[in-house]
>>> print(open('my_file.cif').read())   # mmCIF, C-alpha atoms
data_entry
loop_
_atom_site.group_PDB
_atom_site.id
_atom_site.type_symbol
_atom_site.label_atom_id
_atom_site.label_comp_id
_atom_site.auth_asym_id
_atom_site.auth_seq_id
_atom_site.Cartn_x
_atom_site.Cartn_y
_atom_site.Cartn_z
ATOM 1 C CA GLN A 1 7.254 -18.595 -1.862
ATOM 2 C CA VAL A 2 4.448 -18.112 0.648
ATOM 3 C CA GLN A 3 4.460 -19.271 4.235
ATOM 4 C CA LEU A 4 1.295 -19.821 6.265
ATOM 5 C CA VAL A 5 1.266 -19.905 10.044
ATOM 6 C CA GLU A 6 -1.866 -21.125 11.785
ATOM 7 C CA SER A 7 -2.898 -20.754 15.391
ATOM 8 C CA GLY A 8 -5.867 -21.212 17.645
ATOM 9 C CA GLY A 9 -6.669 -24.906 17.658
ATOM 10 C CA GLY A 10 -7.250 -26.887 20.812
ATOM 11 C CA LEU A 11 -9.638 -28.918 22.899
ATOM 12 C CA VAL A 12 -13.135 -27.652 23.640
ATOM 13 C CA GLN A 13 -16.369 -29.106 24.928
ATOM 14 C CA ALA A 14 -19.372 -29.477 22.680
ATOM 15 C CA GLY A 15 -21.205 -26.187 22.396
ATOM 16 C CA GLY A 16 -18.036 -24.198 22.902
ATOM 17 C CA SER A 17 -16.179 -21.847 20.602
ATOM 18 C CA LEU A 18 -12.743 -21.517 19.065
ATOM 19 C CA ARG A 19 -11.086 -19.047 16.757
ATOM 20 C CA LEU A 20 -8.501 -20.087 14.193
ATOM 21 C CA SER A 21 -6.127 -17.622 12.598
ATOM 22 C CA CYS A 22 -3.744 -17.871 9.669
ATOM 23 C CA ALA A 23 -1.092 -15.358 8.654
ATOM 24 C CA ALA A 24 0.472 -15.413 5.198
ATOM 25 C CA SER A 25 3.931 -14.044 4.571
ATOM 26 C CA GLY A 26 6.549 -14.168 1.852
ATOM 27 C CA SER A 27 6.344 -13.360 -1.833
ATOM 28 C CA ILE A 28 2.691 -12.397 -1.907
ATOM 29 C CA PHE A 29 1.550 -10.475 -4.928
ATOM 30 C CA SER A 30 -2.132 -11.072 -5.177
ATOM 31 C CA ILE A 31 -4.152 -13.339 -2.945
ATOM 32 C CA ASN A 32 -7.430 -14.359 -4.516
ATOM 33 C CA PHE A 33 -8.969 -16.882 -2.161
ATOM 34 C CA MET A 34 -8.314 -17.589 1.501
ATOM 35 C CA GLY A 35 -10.007 -20.468 3.195
ATOM 36 C CA TRP A 36 -10.100 -23.299 5.677
ATOM 37 C CA TYR A 37 -10.289 -27.011 5.045
ATOM 38 C CA ARG A 38 -10.427 -29.846 7.514
ATOM 39 C CA GLN A 39 -9.561 -33.508 7.565
ATOM 40 C CA ALA A 40 -10.896 -35.953 10.107
ATOM 41 C CA PRO A 41 -9.244 -39.347 10.677
ATOM 42 C CA GLY A 42 -10.059 -41.734 7.868
ATOM 43 C CA LYS A 43 -11.821 -39.061 5.824
ATOM 44 C CA GLN A 44 -10.916 -36.882 2.884
ATOM 45 C CA ARG A 45 -9.975 -33.265 3.297
ATOM 46 C CA GLU A 46 -13.043 -31.074 2.859
ATOM 47 C CA LEU A 47 -13.756 -27.409 2.381
ATOM 48 C CA VAL A 48 -15.034 -25.625 5.474
ATOM 49 C CA ALA A 49 -15.188 -22.003 4.338
ATOM 50 C CA VAL A 50 -13.642 -19.711 1.756
ATOM 51 C CA ILE A 51 -13.542 -15.947 1.297
ATOM 52 C CA THR A 52 -12.595 -13.951 -1.772
ATOM 53 C CA SER A 53 -10.558 -10.762 -1.871
ATOM 54 C CA GLY A 54 -13.843 -8.903 -2.229
ATOM 55 C CA GLY A 55 -15.325 -10.477 0.856
ATOM 56 C CA SER A 56 -17.678 -13.011 -0.697
ATOM 57 C CA THR A 57 -17.952 -16.160 1.380
ATOM 58 C CA ASN A 58 -18.952 -19.764 0.936
ATOM 59 C CA TYR A 59 -19.474 -22.357 3.659
ATOM 60 C CA ALA A 60 -19.918 -26.073 3.875
ATOM 61 C CA ASP A 61 -23.535 -26.894 4.697
ATOM 62 C CA SER A 62 -22.441 -28.591 7.907
ATOM 63 C CA VAL A 63 -21.028 -25.351 9.354
ATOM 64 C CA LYS A 64 -23.433 -22.729 8.027
ATOM 65 C CA GLY A 65 -24.779 -20.558 10.806
ATOM 66 C CA ARG A 66 -22.080 -21.701 13.228
ATOM 67 C CA PHE A 67 -18.785 -20.697 11.605
ATOM 68 C CA THR A 68 -17.745 -17.289 10.303
ATOM 69 C CA ILE A 69 -14.762 -16.638 8.071
ATOM 70 C CA SER A 70 -13.121 -13.224 7.816
ATOM 71 C CA ARG A 71 -9.958 -11.777 6.344
ATOM 72 C CA ASP A 72 -7.750 -8.723 6.605
ATOM 73 C CA ASN A 73 -6.365 -7.977 3.167
ATOM 74 C CA ALA A 74 -3.868 -5.449 4.492
ATOM 75 C CA LYS A 75 -2.356 -7.988 6.889
ATOM 76 C CA ASN A 76 -2.863 -11.059 4.698
ATOM 77 C CA THR A 77 -4.651 -12.890 7.476
ATOM 78 C CA VAL A 78 -7.724 -15.083 7.542
ATOM 79 C CA SER A 79 -9.680 -16.176 10.602
ATOM 80 C CA LEU A 80 -12.366 -18.714 11.312
ATOM 81 C CA ARG A 81 -14.695 -18.161 14.229
ATOM 82 C CA MET A 82 -16.299 -21.468 15.234
ATOM 83 C CA ASN A 83 -19.328 -21.434 17.522
ATOM 84 C CA SER A 84 -21.612 -24.198 18.764
ATOM 85 C CA LEU A 85 -18.935 -26.758 18.106
ATOM 86 C CA LYS A 86 -19.930 -30.395 17.755
ATOM 87 C CA PRO A 87 -17.887 -33.581 18.194
ATOM 88 C CA GLU A 88 -18.131 -34.114 14.442
ATOM 89 C CA ASP A 89 -16.163 -30.896 13.943
ATOM 90 C CA THR A 90 -13.117 -32.683 15.335
ATOM 91 C CA ALA A 91 -10.393 -32.622 12.674
ATOM 92 C CA VAL A 92 -7.126 -31.087 11.632
ATOM 93 C CA TYR A 93 -7.906 -27.693 10.146
ATOM 94 C CA TYR A 94 -5.762 -26.368 7.311
ATOM 95 C CA CYS A 95 -5.434 -22.829 6.064
ATOM 96 C CA ASN A 96 -5.379 -22.492 2.280
ATOM 97 C CA VAL A 97 -4.358 -19.466 0.253
ATOM 98 C CA VAL A 98 -4.567 -19.087 -3.508
ATOM 99 C CA ALA A 99 -2.249 -16.442 -4.930
ATOM 100 C CA GLY A 100 -2.388 -16.229 -8.709
ATOM 101 C CA PRO A 101 -2.272 -19.766 -10.078
ATOM 102 C CA VAL A 102 -0.673 -21.295 -6.986
ATOM 103 C CA GLY A 103 -2.271 -22.682 -3.864
ATOM 104 C CA TYR A 104 -0.509 -22.900 -0.510
ATOM 105 C CA TRP A 105 -1.302 -24.902 2.621
ATOM 106 C CA GLY A 106 -0.605 -24.333 6.268
ATOM 107 C CA GLN A 107 0.759 -27.047 8.501
ATOM 108 C CA GLY A 108 -2.607 -27.748 10.102
ATOM 109 C CA THR A 109 -3.964 -27.205 13.582
ATOM 110 C CA GLN A 110 -5.873 -29.780 15.601
ATOM 111 C CA VAL A 111 -9.389 -29.033 16.794
ATOM 112 C CA THR A 112 -10.912 -31.561 19.180
ATOM 113 C CA VAL A 113 -14.482 -31.268 20.420
ATOM 114 C CA SER A 114 -15.407 -33.480 23.338
ATOM 115 C CA SER A 115 -18.968 -34.621 23.978
#
>>> encode(input="my_file.cif", output="structure tokens")
Amino acid sequence: QVQLVESGGGLVQAGGSLRLSCAASGSIFSINFMGWYRQAPGKQRELVAVITSGGSTNYADSVKGRFTISRDNAKNTVSLRMNSLKPEDTAVYYCNVVAGPVGYWGQGTQVTVSS
């Protein structure tokens, strides 16, 4: 079993920055993908950014150039640096880790961007 603990959400004004972090612990043998998803009220959960074990990244078009995902393979952590935040970035952000054939989710952390 894998446990994910997220931190770093909060309230910020438009144009501001936040950094989200996620630490994975437990029976971790091989983490392939680490990423962040978000879900705004009344909307489906969507991919924000993902990073492979080799460091390749992929971003949603809406966050390209503003968000940066990074990971520390030795510590099994993944972070999301969010700059130039917009009100439409307001959502619950979820950490996601894929280890072998199994995906795991964090509990979610609220990010609110005020205009």
>>> residues_around(input="my_file.cif", residues="Glu88 (chain A)", least_positions_apart="3", cutoff="10 Å", atoms="all atoms listed in the file", output="ChimeraX atom specification")
/A:14,40,62,85,91,112-115
>>> write_last_selection(input="my_file.cif", atoms="C-alpha atoms", output="PDB file, keeping the file's coordinate frame")
ATOM      1  CA  ALA A  14     -19.372 -29.477  22.680  1.00  0.00           C
ATOM      2  CA  ALA A  40     -10.896 -35.953  10.107  1.00  0.00           C
ATOM      3  CA  SER A  62     -22.441 -28.591   7.907  1.00  0.00           C
ATOM      4  CA  LEU A  85     -18.935 -26.758  18.106  1.00  0.00           C
ATOM      5  CA  ALA A  91     -10.393 -32.622  12.674  1.00  0.00           C
ATOM      6  CA  THR A 112     -10.912 -31.561  19.180  1.00  0.00           C
ATOM      7  CA  VAL A 113     -14.482 -31.268  20.420  1.00  0.00           C
ATOM      8  CA  SER A 114     -15.407 -33.480  23.338  1.00  0.00           C
ATOM      9  CA  SER A 115     -18.968 -34.621  23.978  1.00  0.00           C
TER      10      SER A 115
END
>>> closest_residue(input="my_file.cif", among="A:Ile69, A:Ala49, A:Val92, A:Ile28", to="Leu11 (chain A)", atoms="all atoms listed in the file")
A:Val92
>>> residues_around(input="my_file.cif", residues="Ser27 (chain A)", least_positions_apart="5", cutoff="12 Å", atoms="only C-alpha atoms", output="NGL selection string")
:A and (1-4 or 76 or 99-100 or 102 or 104)
>>> closest_residue(input="my_file.cif", among="A:Arg71, A:Lys64, A:Arg19, A:Arg38", to="Asp89 (chain A)", atoms="only C-alpha atoms")
A:Arg38
>>> residues_around(input="my_file.cif", residues="Ser56 (chain A)", least_positions_apart="2", cutoff="10 Å", atoms="all atoms listed in the file", output="PyMOL selection string")
chain A and resi 33+50-54+58+69-70
